[in-house]
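With mmCIF, C-alpha atoms inside, this is run02.cif:
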```cif
data_model
#
loop_
_atom_site.label_atom_id
_atom_site.label_comp_id
_atom_site.auth_asym_id
_atom_site.auth_seq_id
_atom_site.Cartn_x
_atom_site.Cartn_y
_atom_site.Cartn_z
CA MET K 66 -19.28 -0.68 -17.64
CA GLY K 67 -22.93 -1.79 -17.36
CA ALA K 68 -25.19 -1.38 -14.35
CA GLU K 69 -24.88 -5.05 -13.44
CA THR K 70 -21.07 -4.92 -13.50
CA LEU K 71 -20.97 -1.65 -11.58
CA SER K 72 -23.17 -3.05 -8.80
CA ASN K 73 -20.73 -5.92 -8.34
CA VAL K 74 -17.69 -3.70 -7.74
CA ALA K 75 -16.47 -4.36 -4.20
CA ALA K 76 -15.67 -1.49 -1.83
CA TYR K 77 -12.22 -0.14 -2.68
CA ALA K 78 -11.94 3.27 -1.01
CA PRO K 79 -8.99 3.73 1.40
CA PHE K 80 -10.32 2.55 4.75
CA LYS K 81 -8.95 5.57 6.63
CA THR K 82 -10.76 7.85 4.18
CA PHE K 83 -13.91 5.80 4.74
CA LEU K 84 -13.67 6.36 8.50
CA ASN K 85 -13.05 10.07 7.96
CA SER K 86 -16.13 10.27 5.79
CA LEU K 87 -18.20 8.78 8.61
CA GLU K 88 -16.79 11.33 11.04
CA GLY K 89 -18.07 14.05 8.74
CA LEU K 90 -21.59 12.64 9.09
CA ARG K 91 -21.51 12.19 12.84
CA GLY K 92 -24.69 13.48 14.40
CA VAL K 93 -26.20 14.76 11.14
CA VAL K 94 -26.74 12.25 8.34
CA PRO K 95 -27.96 14.04 5.20
CA SER K 96 -31.08 12.93 3.37
CA HIS K 97 -29.04 12.22 0.24
CA ILE K 98 -25.40 11.18 -0.21
CA ASN K 99 -23.71 12.96 -3.12
CA ARG K 100 -20.51 14.84 -3.98
CA THR K 101 -21.52 17.94 -2.04
CA VAL K 102 -21.49 16.05 1.27
CA TRP K 103 -17.67 16.02 1.34
CA PRO K 104 -16.52 19.25 -0.34
CA SER K 105 -12.90 18.78 0.77
CA PHE K 106 -12.57 15.39 -0.97
CA SER K 107 -11.57 15.07 -4.62
CA GLY K 108 -14.07 13.84 -7.18
CA GLY K 109 -12.27 10.51 -7.49
CA THR K 110 -12.31 9.96 -3.73
CA VAL K 111 -16.02 10.76 -3.51
CA SER K 112 -16.74 8.27 -6.32
CA GLN K 113 -14.88 5.57 -4.39
CA LEU K 114 -16.78 6.42 -1.22
CA ILE K 115 -20.17 6.30 -2.91
CA THR K 116 -19.29 2.92 -4.44
CA THR K 117 -18.22 1.71 -0.99
CA TYR K 118 -21.35 3.05 0.71
CA ARG K 119 -23.55 1.40 -1.90
CA PHE K 120 -21.71 -1.93 -1.70
CA LEU K 121 -22.05 -2.05 2.10
CA GLY K 122 -25.72 -1.10 1.96
CA LEU K 123 -25.23 2.29 3.63
CA ILE K 124 -27.15 3.96 0.79
CA ASP K 125 -29.56 2.68 -1.84
CA GLU K 126 -29.15 3.00 -5.60
CA ASP K 127 -30.55 6.54 -5.47
CA GLY K 128 -28.12 7.68 -2.77
CA LYS K 129 -30.66 7.66 0.04
CA PRO K 130 -29.11 6.65 3.41
CA THR K 131 -30.21 3.48 5.15
CA ARG K 132 -30.41 2.89 8.90
CA HIS K 133 -26.99 1.25 8.75
CA LEU K 134 -25.33 4.55 7.92
CA SER K 135 -26.81 6.23 11.00
CA LEU K 136 -25.41 3.43 13.18
CA LEU K 137 -21.93 3.71 11.66
CA ALA K 138 -21.91 7.49 12.02
CA SER K 139 -22.65 7.34 15.76
CA ASP K 140 -20.29 8.29 18.61
CA ASN K 141 -20.46 4.78 20.06
CA VAL K 142 -17.29 3.07 18.79
CA PRO K 143 -18.19 -0.47 20.01
CA ALA K 144 -21.60 -0.13 18.37
CA ARG K 145 -19.94 1.06 15.17
CA GLN K 146 -17.56 -1.91 15.21
CA SER K 147 -20.43 -4.33 15.79
CA GLU K 148 -22.49 -2.82 12.98
CA LEU K 149 -19.55 -2.89 10.57
CA ARG K 150 -18.84 -6.52 11.46
CA GLN K 151 -22.42 -7.45 10.54
CA LEU K 152 -22.22 -5.45 7.32
CA LEU K 153 -19.02 -7.23 6.30
CA GLN K 154 -20.56 -10.61 6.97
CA ARG K 155 -23.59 -9.67 4.90
CA SER K 156 -21.71 -7.96 2.05
CA TYR K 157 -18.90 -10.51 1.65
CA PRO K 158 -20.62 -13.89 2.16
CA GLU K 159 -18.37 -15.74 -0.31
CA VAL K 160 -15.24 -14.26 1.25
CA ILE K 161 -16.39 -15.11 4.76
CA ALA K 162 -17.09 -18.66 3.54
CA ILE K 163 -13.40 -19.40 2.91
CA ASN K 164 -12.90 -19.46 6.70
CA LEU K 165 -10.81 -16.36 7.35
CA VAL K 166 -9.40 -17.83 10.57
CA ASN K 167 -6.92 -19.94 8.61
CA ALA K 168 -7.18 -18.50 5.08
CA THR K 169 -4.12 -17.55 3.04
CA PRO K 170 -3.66 -14.40 0.91
CA LYS K 171 -4.06 -16.46 -2.27
CA GLN K 172 -7.39 -17.86 -1.12
CA LEU K 173 -8.59 -14.35 -0.32
CA THR K 174 -7.44 -13.02 -3.69
CA ASP K 175 -9.10 -15.89 -5.55
CA ALA K 176 -12.37 -15.26 -3.72
CA PHE K 177 -12.35 -11.59 -4.74
CA LEU K 178 -11.52 -12.44 -8.35
CA GLU K 179 -14.34 -14.96 -8.54
CA GLN K 180 -17.03 -12.87 -6.89
CA TYR K 181 -16.38 -9.21 -7.70
CA SER K 182 -15.78 -7.09 -10.79
CA VAL K 183 -12.33 -5.92 -9.71
CA SER K 184 -8.87 -6.47 -11.14
CA GLY K 185 -5.38 -4.97 -11.09
CA ALA K 186 -4.95 -2.01 -8.75
CA THR K 187 -8.68 -1.96 -7.93
CA LEU K 188 -8.46 -5.57 -6.77
CA GLN K 189 -5.59 -4.71 -4.43
CA LYS K 190 -7.49 -1.70 -3.07
CA ALA K 191 -10.61 -3.81 -2.52
CA ILE K 192 -8.70 -6.45 -0.58
CA SER K 193 -6.91 -3.78 1.44
CA PHE K 194 -10.24 -2.16 2.36
CA PHE K 195 -11.71 -5.49 3.43
CA LEU K 196 -8.74 -6.46 5.60
CA ASN K 197 -8.56 -3.07 7.31
CA ALA K 198 -12.32 -3.03 7.85
CA ALA K 199 -12.26 -6.58 9.22
CA GLN K 200 -9.51 -5.70 11.71
CA TYR K 201 -11.36 -2.56 12.79
CA ALA K 202 -14.56 -4.58 13.24
CA GLU K 203 -12.59 -7.25 15.16
CA LEU K 204 -13.49 -9.96 12.67
CA PRO K 205 -11.21 -12.99 13.26
CA LEU K 206 -8.48 -13.23 10.61
CA SER K 207 -5.61 -15.65 10.12
CA GLN K 208 -2.04 -14.57 10.84
CA PHE K 209 -1.31 -15.02 7.12
CA LEU K 210 -3.71 -12.19 6.32
CA THR K 211 -2.73 -9.81 9.10
CA ARG K 212 1.06 -10.04 9.23
CA ARG K 213 3.05 -7.29 7.58
CA ARG K 214 4.82 -8.34 4.40
CA GLY K 215 7.46 -5.63 4.58
CA ARG K 216 9.41 -7.30 7.38
CA ARG K 217 12.74 -8.87 6.49
CA LYS K 218 15.72 -10.05 8.49
CA ARG K 219 17.93 -7.72 6.53
CA GLY K 220 15.18 -5.31 5.59
CA ALA K 221 14.77 -3.28 8.76
CA GLN K 222 16.96 -0.65 7.14
CA ASN K 223 18.11 -0.15 3.56
CA LYS K 224 20.66 2.20 2.13
CA SER K 225 19.48 5.12 0.06
CA ARG K 226 21.45 6.55 -2.87
CA SER K 227 23.16 9.07 -0.61
CA GLY K 228 24.23 6.35 1.82
CA ASN K 229 21.75 7.32 4.53
CA THR K 230 19.58 4.65 6.08
CA LEU K 231 16.07 4.22 4.75
CA ASP K 232 13.61 2.88 7.29
CA LYS K 233 11.49 -0.04 6.16
CA ALA K 234 8.34 2.05 6.68
CA GLU K 235 9.52 4.18 3.76
CA MET K 236 9.79 1.22 1.44
CA PRO K 237 6.85 0.59 -0.92
CA GLN K 238 3.91 -0.63 1.13
CA ASP K 239 0.88 0.71 -0.65
CA SER K 240 -0.43 -0.34 -4.00
CA GLN K 241 -1.73 3.15 -4.73
CA GLN K 242 1.62 4.89 -4.67
CA GLY K 243 4.66 2.87 -5.72
CA THR K 244 8.34 3.77 -5.36
CA THR K 245 10.99 4.21 -8.05
CA ARG K 246 14.73 3.75 -7.46
CA THR K 247 17.17 4.99 -10.12
CA ILE K 248 20.95 4.41 -10.08
CA GLN K 249 23.72 5.47 -12.44
CA LEU K 250 25.69 2.77 -14.27
CA SER K 251 29.48 3.02 -14.11
CA SER K 252 29.78 2.67 -17.90
CA GLY K 253 27.16 5.32 -18.57
CA GLY K 254 23.38 5.33 -18.56
CA GLU K 255 21.05 4.44 -15.73
CA ILE K 256 18.64 1.77 -14.56
CA ALA K 257 15.33 2.31 -12.76
CA LEU K 258 13.30 -0.09 -10.65
CA ARG K 259 9.68 0.79 -9.88
CA VAL K 260 8.04 -1.19 -7.08
CA GLN K 261 4.28 -1.26 -6.49
CA PHE K 262 2.51 -3.90 -4.45
CA ASP K 263 0.00 -4.53 -1.67
CA ALA K 264 1.75 -5.49 1.56
CA PHE K 265 -1.28 -7.50 2.71
CA THR K 266 -1.54 -9.79 -0.32
CA ILE K 267 1.96 -10.16 -1.77
CA SER K 268 3.34 -13.70 -1.55
CA GLN K 269 6.50 -14.68 0.33
CA THR K 270 8.22 -15.60 -2.94
CA ASP K 271 7.44 -12.24 -4.55
CA ARG K 272 8.48 -10.36 -1.42
CA ASP K 273 11.87 -12.08 -1.34
CA PHE K 274 12.36 -11.46 -5.06
CA ILE K 275 11.50 -7.73 -4.83
CA PHE K 276 13.68 -7.00 -1.84
CA GLY K 277 16.45 -9.12 -3.32
CA LEU K 278 16.49 -6.82 -6.34
CA ILE K 279 16.51 -3.77 -4.07
CA ASP K 280 19.46 -5.19 -2.12
CA GLU K 281 21.40 -5.92 -5.32
CA LEU K 282 20.83 -2.40 -6.63
CA GLY K 283 21.98 -0.95 -3.34
CA GLU K 284 25.08 -3.14 -3.27
CA TYR K 285 25.98 -2.18 -6.84
CA GLU K 286 25.55 1.50 -6.03
CA ARG K 287 27.72 1.27 -2.91
CA GLU K 288 30.48 -0.57 -4.78
CA ALA K 289 30.33 1.96 -7.63
CA ALA K 290 30.57 4.84 -5.15
CA THR K 291 33.54 3.22 -3.40
CA SER K 292 35.32 2.62 -6.72
CA ALA K 293 34.66 6.18 -7.87
CA GLY K 294 35.93 7.55 -4.58
CA PHE K 295 39.12 5.50 -4.81
CA SER K 296 39.72 6.72 -8.38
CA ARG K 297 39.29 10.31 -7.29
CA GLN K 298 41.83 9.79 -4.49
CA ILE K 299 44.41 8.40 -6.93
CA ALA K 300 43.86 11.26 -9.39
CA HIS K 301 44.20 13.79 -6.59
CA ALA K 302 47.45 12.20 -5.39
CA ILE K 303 48.90 12.25 -8.91
CA GLN K 304 47.95 15.89 -9.34
CA GLN K 305 49.57 16.82 -6.03
CA SER K 306 52.71 14.92 -7.02
CA ARG K 307 52.95 16.82 -10.30
CA GLU K 308 52.47 20.18 -8.62
CA SER K 309 55.26 19.46 -6.09
CA VAL K 310 57.88 18.81 -8.77
CA THR K 311 60.45 21.70 -9.06
CA ASP K 312 62.91 22.56 -11.79
CA ASP K 313 65.72 20.88 -9.80
CA ASP K 314 63.74 17.65 -9.86
CA VAL K 315 63.51 17.56 -13.66
CA PRO K 316 66.18 15.08 -14.95
CA PHE K 317 66.67 16.83 -18.33
#
```
Would it be possible to restate this file's structure as structure tokens?
Amino acid sequence: MGAETLSNVAAYAPFKTFLNSLEGLRGVVPSHINRTVWPSFSGGTVSQLITTYRFLGLIDEDGKPTRHLSLLASDNVPARQSELRQLLQRSYPEVIAINLVNATPKQLTDAFLEQYSVSGATLQKAISFFLNAAQYAELPLSQFLTRRRGRRKRGAQNKSRSGNTLDKAEMPQDSQQGTTRTIQLSSGGEIALRVQFDAFTISQTDRDFIFGLIDELGEYEREAATSAGFSRQIAHAIQQSRESVTDDDVPF
């Protein structure tokens, strides 16, 4: 990846981690931002943070802090929100230009693909960072960008393999993690479904398709469990019947 491509990588650190990194600088902003500033963070996390800081103009190419970083690391939350709002408007001019007040997830995704060197999981992380940062900075966003995609009429609770209820908050919501569901087939073998998506950018069609698959797997598993339980009951009844037979009952 060349220097030109690297400089065009949009911020993609987890936004909560970004805020935590600012808390660590509150009151004392170092003269140089490097890996030693956050010793408790992993190397990968620090790399994401430095890319994010550079993209937002919080540090220069050499890692030297700018005045914007001091403002974001202050105790004044309204001032921090105002400063971040200005930084977003300056750092994402092409994204802002699509009119976020009525923009759709597809428009937002297309803007990121056209303007920044991000794709796949990094694209999803970059969009997630932007949306979370925009909400924190109170930047007006359309309801299509802010509504949660995990909500379903039948999806408030789903059945787990053991039959216990699984709250929708435990269903896959984050592109960084992913969730795998494995069930046993009645004729032998197993099938696994791995789900990984960004709740902020997934389309309605994809959401319905994914949760439809999850529902079908759950229904199959419940029916298989019921059938297996019924078979066990019959086998147990036959065994008890055989054990209760005495010599007088034998016809020959």
Notebook entry, point to check: Which residues come within 9 Å of Arg259 of chain K, counting all atoms listed in the file, excluding same-chain residues fewer than 5 positions away, as a PyMOL selection string?
Noted result: chain K and resi 243-247
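Each of K:Pro104, K:Gly122, K:Gly89, K:Pro170 was checked against Ser156 of chain K using all atoms listed in the file; the smallest atom-to-atom distance is that of K:Gly122.
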Next item on the list: Could you list the residues chosen by the PyMOL selection byres ((chain K and resi 80) around 7) in this structure as a PyMOL selection string?
Entry: chain K and resi 78-79+81-84+194+197-198
Check: If you measure from atom CA of Asp127 of chain K to atom CA of Arg145 of chain K, what distance in Å do you get, rounded to one decimal?
Finding: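 A separation of 23.8 Å between them.
Summary of the local environment: counting all atoms listed in the file, residues at most 9 Å from Leu121 of chain K, other than itself and those fewer than 5 positions away along its chain, are Ala75, Ala76, Thr116, His133, Leu149, Leu152, Leu153, Arg155 and Ser156 of chain K.
Omitting Phe177 of chain K and its sequence neighbours fewer than 3 positions away, and counting all atoms listed in the file, the residues within 9 Å are K:Ala75, K:Glu159, K:Val160, K:Gln172, K:Leu173, K:Thr174, K:Gln180, K:Tyr181, K:Ser182, K:Val183, K:Ser184, K:Leu188, K:Ala191, K:Ile192.
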Check: Between atom CA of Leu204 of chain K and atom CA of Glu88 of chain K, what is the spacing in Å?
Finding: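 We find that atom CA of Glu88 of chain K and atom CA of Leu204 of chain K lie 21.6 Å from each other.
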Checklist line | Which of K:Val102, K:Leu90, K:Val142, K:Ala186 sits closest to Tyr77 of chain K [using all atoms listed in the file] | finding: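 Distance minimum relative to Tyr77 of chain K lands on K:Ala186.
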